[in-house]
>>> print(open('protein-v9.cif').read())   # mmCIF, C-alpha atoms and all ligand atoms
data_structure
#
loop_
_atom_site.label_atom_id
_atom_site.label_comp_id
_atom_site.auth_asym_id
_atom_site.auth_seq_id
_atom_site.Cartn_x
_atom_site.Cartn_y
_atom_site.Cartn_z
CA MET A 126 79.52 23.07 156.71
CA GLY A 127 81.09 23.19 153.21
CA LYS A 128 82.76 26.32 151.86
CA GLY A 129 79.73 27.23 149.73
CA ALA A 130 77.28 26.83 152.61
CA ALA A 131 79.52 28.89 154.90
CA LEU A 132 79.73 31.69 152.35
CA ARG A 133 75.97 31.67 151.83
CA TRP A 134 75.46 31.85 155.59
CA LEU A 135 77.78 34.84 155.73
CA GLU A 136 76.07 36.51 152.80
CA ASN A 137 72.67 36.08 154.40
CA ARG A 138 74.02 37.70 157.58
CA LEU A 139 75.17 40.68 155.51
CA LEU A 140 71.82 40.95 153.75
CA ALA A 141 69.87 40.62 157.00
CA ARG A 142 71.57 43.76 158.33
CA HIS A 143 69.33 45.76 155.99
CA LEU A 144 66.13 44.32 157.49
CA ARG A 145 64.30 46.12 160.25
CA GLY A 146 60.76 46.67 161.50
CA HIS A 147 58.12 44.42 159.99
CA GLY A 148 57.80 42.87 156.59
CA ILE A 149 56.94 39.75 154.63
CA GLU A 150 58.58 36.82 152.96
CA ILE A 151 56.74 35.55 149.91
CA GLY A 152 57.07 31.86 149.03
CA ALA A 153 59.46 30.75 151.77
CA LEU A 154 58.22 27.16 151.33
CA TRP A 155 60.91 25.14 153.16
CA ARG A 156 63.63 27.79 153.34
CA LYS A 157 62.86 30.83 155.46
CA PHE A 158 65.30 33.63 154.94
CA PRO A 159 67.13 34.01 158.27
CA VAL A 160 65.95 37.36 159.63
CA PRO A 161 67.35 39.05 162.75
CA HIS A 162 65.45 38.45 166.03
CA ARG A 163 64.36 42.05 166.29
CA VAL A 164 62.29 42.02 163.09
CA THR A 165 58.77 40.72 162.52
CA VAL A 166 58.12 38.72 159.40
CA TYR A 167 54.83 37.43 158.04
CA TYR A 168 54.94 34.52 155.63
CA VAL A 169 52.86 34.77 152.47
CA ASP A 170 52.17 32.03 149.97
CA ARG A 171 49.64 31.40 147.26
CA LEU A 172 48.55 28.08 148.81
CA GLN A 173 47.67 26.86 152.29
CA ASN A 174 50.07 24.54 154.07
CA GLU A 175 48.36 21.24 153.09
CA ASP A 176 48.13 22.34 149.46
CA LEU A 177 51.78 23.37 149.46
CA GLN A 178 52.75 19.95 150.79
CA GLN A 179 50.75 18.31 148.03
CA HIS A 180 52.09 20.64 145.32
CA TYR A 181 55.69 20.14 146.43
CA ALA A 182 55.48 16.45 147.34
CA GLU A 183 59.21 16.14 146.62
CA VAL A 184 60.14 18.57 149.41
CA SER A 185 61.21 16.54 152.44
CA GLN A 186 61.78 19.50 154.78
CA THR A 187 59.02 21.02 156.89
CA VAL A 188 56.92 23.41 154.84
CA VAL A 189 56.44 26.91 156.29
CA ASN A 190 52.87 27.53 157.38
CA PRO A 191 51.81 30.76 155.65
CA ASP A 192 50.41 33.53 157.86
CA VAL A 193 48.73 34.99 154.80
CA VAL A 194 47.45 33.07 151.79
CA ALA A 195 47.53 35.45 148.85
CA ASP A 196 48.90 35.83 145.38
CA ALA A 197 52.24 37.63 145.23
CA MET A 198 50.69 40.14 142.86
CA GLN A 199 47.70 40.91 145.05
CA LEU A 200 49.10 41.29 148.52
CA PRO A 201 46.59 42.34 151.19
CA PHE A 202 48.86 45.06 152.56
CA ALA A 203 48.30 48.79 152.40
CA PRO A 204 50.54 50.90 150.18
CA ALA A 205 53.71 52.03 151.95
CA SER A 206 53.13 49.78 154.97
CA LEU A 207 56.09 47.36 155.07
CA ASN A 208 59.77 47.77 155.91
CA PHE A 209 60.79 44.85 153.73
CA VAL A 210 59.67 42.27 151.21
CA ILE A 211 61.69 39.10 150.67
CA ALA A 212 61.15 37.00 147.55
CA SER A 213 63.66 34.21 147.13
CA HIS A 214 63.18 32.09 144.00
CA VAL A 215 59.70 33.51 143.41
CA LEU A 216 59.94 36.15 140.67
CA GLU A 217 60.55 33.57 137.96
CA HIS A 218 57.32 31.78 138.98
CA LEU A 219 55.15 34.78 138.18
CA PRO A 220 53.50 35.41 134.80
CA PHE A 221 53.87 39.21 135.16
CA PRO A 222 57.14 39.97 136.93
CA LEU A 223 57.12 43.68 136.06
CA ALA A 224 53.68 44.09 137.65
CA ALA A 225 54.89 42.14 140.67
CA LEU A 226 57.87 44.45 141.10
CA ARG A 227 55.62 47.48 140.91
CA HIS A 228 53.28 45.96 143.48
CA TRP A 229 56.14 45.09 145.85
CA TYR A 230 57.51 48.62 145.45
CA ASP A 231 54.07 50.04 146.32
CA VAL A 232 53.76 48.16 149.62
CA LEU A 233 57.22 49.26 150.78
CA LEU A 234 57.67 52.23 153.05
CA PRO A 235 60.17 54.83 151.93
CA GLY A 236 63.54 53.44 153.06
CA GLY A 237 62.13 49.89 152.92
CA VAL A 238 63.90 47.15 150.97
CA LEU A 239 63.05 44.41 148.52
CA LEU A 240 65.36 41.41 148.77
CA LEU A 241 65.27 39.35 145.60
CA LYS A 242 67.04 36.09 144.94
CA VAL A 243 66.60 34.81 141.41
CA PRO A 244 68.08 31.56 140.10
CA ASP A 245 70.48 31.95 137.20
CA LYS A 246 69.46 29.54 134.46
CA ARG A 247 73.06 28.50 133.77
CA TYR A 248 73.14 26.67 137.11
CA THR A 249 69.65 25.14 137.18
CA PHE A 250 67.28 22.79 135.37
CA ASP A 251 66.46 25.77 133.13
CA ALA A 252 69.86 25.50 131.43
CA LYS A 253 68.35 24.32 128.12
CA ARG A 254 65.75 27.08 127.98
CA GLU A 255 66.19 30.40 126.21
CA ARG A 256 66.73 33.53 128.28
CA THR A 257 63.54 35.61 128.45
CA PRO A 258 64.20 38.98 126.80
CA LEU A 259 63.01 42.10 128.59
CA GLU A 260 60.91 42.91 125.51
CA HIS A 261 58.89 39.74 126.13
CA LEU A 262 58.02 40.88 129.65
CA ILE A 263 57.11 44.35 128.43
CA ALA A 264 54.90 42.99 125.64
CA GLU A 265 53.04 40.63 127.99
CA GLN A 266 52.65 43.44 130.46
CA GLU A 267 51.29 45.89 127.90
CA GLU A 268 48.94 43.35 126.36
CA GLN A 269 47.87 42.22 129.83
CA GLY A 270 48.17 38.73 128.47
CA CYS A 271 50.52 35.85 129.00
CA ASP A 272 50.42 32.78 126.76
CA LYS A 273 50.27 30.34 129.63
CA GLN A 274 50.15 27.28 127.37
CA ALA A 275 53.33 28.34 125.54
CA HIS A 276 55.22 28.79 128.81
CA PHE A 277 54.11 25.37 130.03
CA GLU A 278 55.01 23.74 126.71
CA ASP A 279 58.50 25.18 126.93
CA TRP A 280 58.80 23.77 130.46
CA VAL A 281 57.66 20.27 129.44
CA ASP A 282 59.99 20.34 126.44
CA ARG A 283 63.17 21.74 127.96
CA VAL A 284 62.89 20.99 131.68
CA VAL A 285 60.87 17.76 131.90
CA GLY A 286 62.43 16.61 128.64
CA HIS A 287 59.45 15.13 126.76
CA ARG A 288 59.53 15.55 123.00
CA ARG A 289 56.80 17.77 121.58
CA GLY A 290 54.05 15.83 119.85
CA THR A 291 54.50 12.67 121.92
CA PRO A 292 51.76 11.28 124.20
CA GLU A 293 54.06 11.79 127.21
CA PHE A 294 54.39 15.45 126.33
CA GLN A 295 50.62 15.96 126.04
CA GLN A 296 49.91 14.01 129.21
CA GLN A 297 52.44 15.98 131.24
CA LEU A 298 51.28 19.28 129.78
CA LYS A 299 47.68 18.53 130.67
CA TYR A 300 48.59 17.52 134.20
CA LEU A 301 50.70 20.62 134.84
CA LEU A 302 48.15 23.02 133.38
CA GLU A 303 45.28 21.43 135.29
CA SER A 304 47.15 21.51 138.59
CA ASP A 305 48.37 25.05 137.84
CA TYR A 306 51.84 23.81 138.64
CA SER A 307 54.24 26.53 139.72
CA ILE A 308 56.65 26.45 136.78
CA HIS A 309 59.36 28.99 136.05
CA TYR A 310 57.50 31.17 133.60
CA HIS A 311 60.63 33.12 132.78
CA VAL A 312 64.27 32.30 132.66
CA TRP A 313 67.16 34.66 133.32
CA VAL A 314 70.83 35.07 133.99
CA ASP A 315 72.06 37.62 136.51
CA GLU A 316 72.59 40.32 133.90
CA ASP A 317 68.93 40.04 132.84
CA VAL A 318 67.79 40.62 136.41
CA ARG A 319 69.93 43.74 136.58
CA GLU A 320 68.39 44.94 133.30
CA ILE A 321 64.86 44.36 134.63
CA ALA A 322 65.63 46.30 137.80
CA GLU A 323 67.05 49.16 135.76
CA TYR A 324 63.93 49.16 133.60
CA THR A 325 61.74 49.53 136.70
CA ARG A 326 63.83 52.55 137.69
CA THR A 327 64.22 54.31 134.41
CA GLU A 328 61.04 53.46 132.47
CA MET A 329 58.54 52.49 135.16
CA ARG A 330 59.85 55.32 137.33
CA LEU A 331 59.95 53.32 140.53
CA GLN A 332 61.95 55.36 142.99
CA TRP A 333 64.27 52.75 144.36
CA ARG A 334 67.96 52.09 144.08
CA PRO A 335 70.07 48.96 144.23
CA ILE A 336 72.04 48.61 147.43
CA VAL A 337 73.17 45.04 146.71
CA PHE A 338 73.78 43.31 143.40
CA TRP A 339 75.62 40.01 143.56
CA ARG A 340 76.10 37.99 140.42
CA ALA A 341 75.59 34.24 140.22
CA HIS A 342 78.57 31.91 140.18
CA SER A 343 79.63 28.41 141.07
CA TYR A 344 78.54 28.36 144.73
CA ARG A 345 75.97 31.18 144.52
CA LYS A 346 73.81 29.85 141.72
CA GLU A 347 71.47 32.78 141.98
CA CYS A 348 71.53 36.51 141.49
CA VAL A 349 70.99 38.54 144.66
CA LEU A 350 69.51 41.99 144.38
CA MET A 351 68.36 44.37 147.07
CA LEU A 352 66.45 47.49 146.11
CA GLN A 353 65.75 50.26 148.59
CA ARG A 354 62.80 52.58 148.12
CA THR A 355 64.17 56.07 148.29
CA ARG A 356 62.99 58.57 150.86
CA PRO A 357 61.51 61.79 149.46
CA ASP A 358 64.55 63.81 150.58
CA GLU A 359 67.10 61.47 148.99
CA ARG A 360 69.12 62.41 145.94
CA LYS A 361 68.45 60.28 142.84
CA SER A 362 71.37 57.96 142.12
CA GLU A 363 71.90 56.55 138.66
CA GLY A 364 73.86 53.61 137.27
CA ILE A 365 75.56 52.58 140.49
CA TYR A 366 75.59 48.79 140.02
CA GLY A 367 79.32 48.85 139.38
CA ASN A 368 80.04 49.37 143.10
CA LEU A 369 77.83 46.67 144.45
CA HIS A 370 79.47 43.41 143.47
CA LEU A 371 80.67 40.76 145.88
C1 LIG A 401 60.74 27.50 144.47
S1 LIG A 401 59.79 27.97 145.84
C2 LIG A 401 60.94 29.03 146.71
C3 LIG A 401 61.30 28.47 148.05
C4 LIG A 401 62.31 29.28 148.84
N1 LIG A 401 61.92 30.66 148.99
C5 LIG A 401 63.69 29.21 148.20
O1 LIG A 401 64.37 30.24 148.11
O2 LIG A 401 64.14 28.10 147.86
C6 LIG A 401 58.61 29.10 145.18
C7 LIG A 401 57.61 29.57 146.24
O3 LIG A 401 56.86 30.65 145.70
C8 LIG A 401 55.48 30.40 145.90
N2 LIG A 401 54.73 31.05 144.82
C9 LIG A 401 54.76 30.76 143.50
N3 LIG A 401 53.92 31.54 142.81
C10 LIG A 401 53.35 32.36 143.72
C11 LIG A 401 52.38 33.39 143.63
N4 LIG A 401 51.84 33.73 142.46
N5 LIG A 401 52.03 34.02 144.77
C12 LIG A 401 52.57 33.68 145.97
N6 LIG A 401 53.50 32.71 146.12
C13 LIG A 401 53.87 32.06 145.01
C14 LIG A 401 55.37 28.89 145.85
O4 LIG A 401 54.16 28.40 146.39
C15 LIG A 401 56.61 28.51 146.64
O5 LIG A 401 56.36 28.57 148.01
#
>>> encode(input="protein-v9.cif", output="structure tokens", more="lines below")
Ligand SMILES: C[S@@+](CC[C@H](N)C(=O)[O-])C[C@H]1O[C@@H](n2cnc3c(N)ncnc32)[C@H](O)[C@@H]1O
Amino acid sequence: MGKGAALRWLENRLLARHLRGHGIEIGALWRKFPVPHRVTVYYVDRLQNEDLQQHYAEVSQTVVNPDVVADAMQLPFAPASLNFVIASHVLEHLPFPLAALRHWYDVLLPGGVLLLKVPDKRYTFDAKRERTPLEHLIAEQEEQGCDKQAHFEDWVDRVVGHRRGTPEFQQQLKYLLESDYSIHYHVWVDEDVREIAEYTRTEMRLQWRPIVFWRAHSYRKECVLMLQRTRPDERKSEGIYGNLHL
């Protein structure tokens, strides 16, 4: 095991200590988050196993068979019914990430945690794309509308690398739109993810607090954030990210 893999293993062990009871992992695909034996986890994905295999033909590992086929923004779980929600490399795939965060908050029990891992564009195929400003998310949220075509065009341009206006560009765009390919709708660096989480606390009034915030860097190419839904008797804590770095 290389140094990076060993550190990631250790980090996952530290994160897993916050998981108890029963919860879900959304979009595990080929990489289940390693949960402790004592917890129960249900796997949720937007597609059934065969469709996932077809959609992600490039994935050579075994694809996780979802226990529940549902959209991440319409989970069939009662409010305040889960001890944890895990979403690793999923938030950026959703057209309305603020609504998703609200929904995930709603299904958590008080004291329950959301574990988020979000790729940092500086270390991924998104490197050439612009960071998505928070204002963009808020506007799409308020207008209840997301310009799907524009997001896909940006993907074909800056990730696939076809020049706009060429036949290759149009062909690829058509294919991806028709197959509803799971692109990264939005693109962030770690600081943006922190800003989004703060927005959910201060403006959306979601009563949760960060208990882990790890920035991206050379071996951890993603931002790791864990938010805990506060219990009614807990004191409100503000601006505590400064103590949570690793
Ligand atoms: C890039 S994969 C993440 C795989 C793995 N969790 C990881 O960390 O590498 C994204 C996963 O999210 C799922 N997904 C994307 N959009 C979704 C949605 N709207 N609802 C539920 N799952 C979704 C995909 O089907 C896929 O399984």
>>> residues_near_ligand(input="protein-v9.cif", ligand="ligand LIG 401 (chain A)", cutoff="10 Å", atoms="only C-alpha atoms and all ligand atoms", output="ChimeraX atom specification")
/A:150-158,168-174,176-178,180-181,188-189,191,193-200,211-222,225,241-244,305-310,347
>>> residues_around(input="protein-v9.cif", residues="Glu255 in chain A", least_positions_apart="4", cutoff="9 Å", atoms="only C-alpha atoms", output="PDB file with C-alpha atoms, in the frame of the given file")
ATOM      1  CA  LYS A 246      69.460  29.540 134.460  1.00  0.00           C
ATOM      2  CA  ASP A 251      66.460  25.770 133.130  1.00  0.00           C
ATOM      3  CA  VAL A 312      64.270  32.300 132.660  1.00  0.00           C
ATOM      4  CA  TRP A 313      67.160  34.660 133.320  1.00  0.00           C
TER       5      TRP A 313
END
>>> atom_distance(input="protein-v9.cif", atom1="CA of Leu135 in chain A", atom2="CA of Gly237 in chain A")
21.9 Å
>>> residues_around(input="protein-v9.cif", residues="range 277-284 of chain A", least_positions_apart="4", cutoff="9 Å", atoms="only C-alpha atoms", output="PyMOL selection string")
chain A and resi 250-254+272-273+288-289+294-295+297-298+301-302+308-310
>>> atom_distance(input="protein-v9.cif", atom1="CA of Glu359 in chain A", atom2="CA of Asp315 in chain A")
27.4 Å
>>> residues_near_point(input="protein-v9.cif", point="(81.4, 24.4, 147.1)", cutoff="9 Å", atoms="all atoms listed in the file", output="list in words")
Gly127, Lys128, Gly129, Ala130, Ser343 and Tyr344 of chain A
>>> atom_distance(input="protein-v9.cif", atom1="CA of Trp333 in chain A", atom2="CA of Gly270 in chain A")
26.6 Å
>>> closest_residue(input="protein-v9.cif", among="A:Leu369, A:Ile321, A:Met351, A:Val184", to="Pro258 in chain A", atoms="all atoms listed in the file")
A:Ile321
